[in-house]
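Below is one structure; the comments refer to it alone.
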Amino acid sequence: HDQPDRWMELSVAFIDPGDIMVMFTDGTIEREDQKGEPYGKARLIELVKKNAHEPALRIVDELFKDLYHFGGNEKWRDDATVIIVKRIK
């Protein structure tokens with residue numbers, strides 16, 4: 001049986017009603033604009049806050065639209081994965 005080449009550590013996160021948890025790969029925040037500047041965590045956090053009233057899927061859609069535009073509408077050089085969890089009640 002094959003062993004995975006990377007192991008994940010088990011963690012627990014408690015989020016209160018109304019909170020949003022965002023998990024992402026490094027390719028998301030490392031996407032660069034035409035000047036070579038990375039998208040960064042601060043920009044990601046700002047976009048999530050701006051769209052906090054939206055469903056999780058809509059926030060993901062808005063984030064990838066923004067990332068695509070930020071990167072000059074060019075293909076990704078790295079993988080980008082985003083998972084958003086919203087606690088409603």
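Ordering of the structure tokens sets the chain letters (A, B, ...); residue numbers start at 1 within each chain; ligands are numbered from 1 in the order shown.
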- Task: Check the DSSP output for the backbone and give back, as a PyMOL selection string, the residues of chain A in strand (DSSP E).
- Result: chain A and resi 20-24+82-86
- Message: At a cut-off of 8 Å, using only C-alpha atoms, what residues contact region 32-46 of chain A? Leave out same-chain residues fewer than 5 positions from it and give the result as an NGL selection string.
- Response: :A and (63 or 67 or 70-72)
- Using only C-alpha atoms, determine which residues lie at most 12 Å from Ile88 (chain A), disregarding the query and same-chain residues fewer than 6 positions distant; provide the list as number ranges by chain. A: 15-21, 52-56
- Query: Residues of region 1-82 of chain A in alpha helix (DSSP H) according to DSSP, as a VMD selection string?
  - Reply: chain A and resid 26 to 29 40 to 50 56 to 70
Same residues, N, CA, C and O atoms, output as a short mmCIF file (atom, residue, chain, number, x, y, z; two decimals), in the first residue's frame:
```cif
data_model
loop_
_atom_site.label_atom_id
_atom_site.label_comp_id
_atom_site.auth_asym_id
_atom_site.auth_seq_id
_atom_site.Cartn_x
_atom_site.Cartn_y
_atom_site.Cartn_z
N ASP A 26 -0.58 27.92 -0.78
CA ASP A 26 0.32 29.06 -0.97
C ASP A 26 0.20 29.70 -2.36
O ASP A 26 0.44 30.89 -2.53
N GLY A 27 -0.18 28.91 -3.35
CA GLY A 27 -0.34 29.45 -4.70
C GLY A 27 -1.41 30.53 -4.78
O GLY A 27 -1.40 31.35 -5.71
N THR A 28 -2.30 30.55 -3.82
CA THR A 28 -3.37 31.56 -3.79
C THR A 28 -2.79 32.92 -3.45
O THR A 28 -2.97 33.88 -4.21
N ILE A 29 -2.09 33.03 -2.34
CA ILE A 29 -1.58 34.33 -1.91
C ILE A 29 -0.26 34.71 -2.58
O ILE A 29 0.15 35.86 -2.53
N GLY A 40 -1.03 38.26 -1.57
CA GLY A 40 -0.86 38.43 -0.14
C GLY A 40 -2.07 38.11 0.72
O GLY A 40 -3.20 38.10 0.25
N LYS A 41 -1.80 37.86 2.00
CA LYS A 41 -2.86 37.53 2.95
C LYS A 41 -3.76 38.72 3.23
O LYS A 41 -4.97 38.55 3.38
N ALA A 42 -3.19 39.91 3.32
CA ALA A 42 -3.99 41.09 3.65
C ALA A 42 -5.08 41.34 2.61
O ALA A 42 -6.23 41.63 2.95
N ARG A 43 -4.75 41.18 1.34
CA ARG A 43 -5.72 41.38 0.26
C ARG A 43 -6.81 40.30 0.33
O ARG A 43 -7.98 40.57 0.14
N LEU A 44 -6.40 39.05 0.62
CA LEU A 44 -7.36 37.95 0.74
C LEU A 44 -8.33 38.22 1.90
O LEU A 44 -9.54 38.09 1.75
N ILE A 45 -7.78 38.62 3.04
CA ILE A 45 -8.63 38.91 4.21
C ILE A 45 -9.60 40.04 3.90
O ILE A 45 -10.78 39.96 4.25
N GLU A 46 -9.13 41.09 3.25
CA GLU A 46 -10.00 42.22 2.90
C GLU A 46 -11.14 41.79 1.99
O GLU A 46 -12.29 42.18 2.18
N LEU A 47 -10.85 40.95 0.99
CA LEU A 47 -11.90 40.49 0.09
C LEU A 47 -12.92 39.64 0.84
O LEU A 47 -14.12 39.79 0.62
N VAL A 48 -12.46 38.78 1.74
CA VAL A 48 -13.39 37.94 2.51
C VAL A 48 -14.28 38.82 3.39
O VAL A 48 -15.49 38.63 3.45
N LYS A 49 -13.68 39.79 4.06
CA LYS A 49 -14.47 40.70 4.91
C LYS A 49 -15.50 41.47 4.09
O LYS A 49 -16.65 41.62 4.51
N LYS A 50 -15.10 41.94 2.93
CA LYS A 50 -16.00 42.71 2.05
C LYS A 50 -17.19 41.86 1.61
O LYS A 50 -18.28 42.38 1.38
N ALA A 56 -20.64 31.08 1.12
CA ALA A 56 -19.24 30.68 0.97
C ALA A 56 -18.85 30.49 -0.50
O ALA A 56 -17.77 30.94 -0.91
N LEU A 57 -19.69 29.86 -1.29
CA LEU A 57 -19.37 29.63 -2.70
C LEU A 57 -19.19 30.95 -3.45
O LEU A 57 -18.28 31.09 -4.27
N ARG A 58 -20.01 31.92 -3.15
CA ARG A 58 -19.90 33.24 -3.80
C ARG A 58 -18.58 33.91 -3.41
O ARG A 58 -17.95 34.56 -4.24
N ILE A 59 -18.17 33.76 -2.15
CA ILE A 59 -16.90 34.35 -1.72
C ILE A 59 -15.74 33.71 -2.49
O ILE A 59 -14.84 34.40 -2.97
N VAL A 60 -15.77 32.39 -2.64
CA VAL A 60 -14.74 31.70 -3.40
C VAL A 60 -14.73 32.20 -4.84
O VAL A 60 -13.66 32.50 -5.40
N ASP A 61 -15.90 32.33 -5.46
CA ASP A 61 -16.00 32.84 -6.83
C ASP A 61 -15.39 34.24 -6.95
O ASP A 61 -14.62 34.52 -7.87
N GLU A 62 -15.75 35.12 -6.02
CA GLU A 62 -15.24 36.49 -6.04
C GLU A 62 -13.73 36.51 -5.85
O GLU A 62 -13.02 37.30 -6.49
N LEU A 63 -13.23 35.65 -4.97
CA LEU A 63 -11.79 35.59 -4.73
C LEU A 63 -11.05 35.16 -5.99
O LEU A 63 -10.06 35.79 -6.39
N PHE A 64 -11.54 34.11 -6.66
CA PHE A 64 -10.84 33.66 -7.86
C PHE A 64 -10.95 34.66 -9.01
O PHE A 64 -10.01 34.81 -9.79
N LYS A 65 -12.06 35.39 -9.09
CA LYS A 65 -12.16 36.47 -10.10
C LYS A 65 -11.11 37.53 -9.82
O LYS A 65 -10.43 38.01 -10.72
N ASP A 66 -10.99 37.92 -8.54
CA ASP A 66 -10.02 38.94 -8.16
C ASP A 66 -8.59 38.46 -8.39
O ASP A 66 -7.74 39.21 -8.89
N LEU A 67 -8.31 37.21 -8.02
CA LEU A 67 -6.98 36.64 -8.24
C LEU A 67 -6.63 36.61 -9.73
O LEU A 67 -5.51 36.95 -10.12
N TYR A 68 -7.58 36.23 -10.55
CA TYR A 68 -7.35 36.14 -11.99
C TYR A 68 -7.04 37.53 -12.55
O TYR A 68 -6.07 37.72 -13.29
N HIS A 69 -7.86 38.50 -12.16
CA HIS A 69 -7.64 39.88 -12.62
C HIS A 69 -6.30 40.41 -12.10
O HIS A 69 -5.54 41.04 -12.83
N PHE A 70 -6.01 40.15 -10.81
CA PHE A 70 -4.76 40.61 -10.19
C PHE A 70 -3.55 40.07 -10.96
O PHE A 70 -2.56 40.78 -11.14
#
```
- Task: Extract, using only C-alpha atoms, all DNA, RNA and protein residues at most 8 Å from Trp76 (chain A), discarding same-chain residues fewer than 3 positions from it, and format them as number ranges by chain.
- Result: A: 31, 79-80
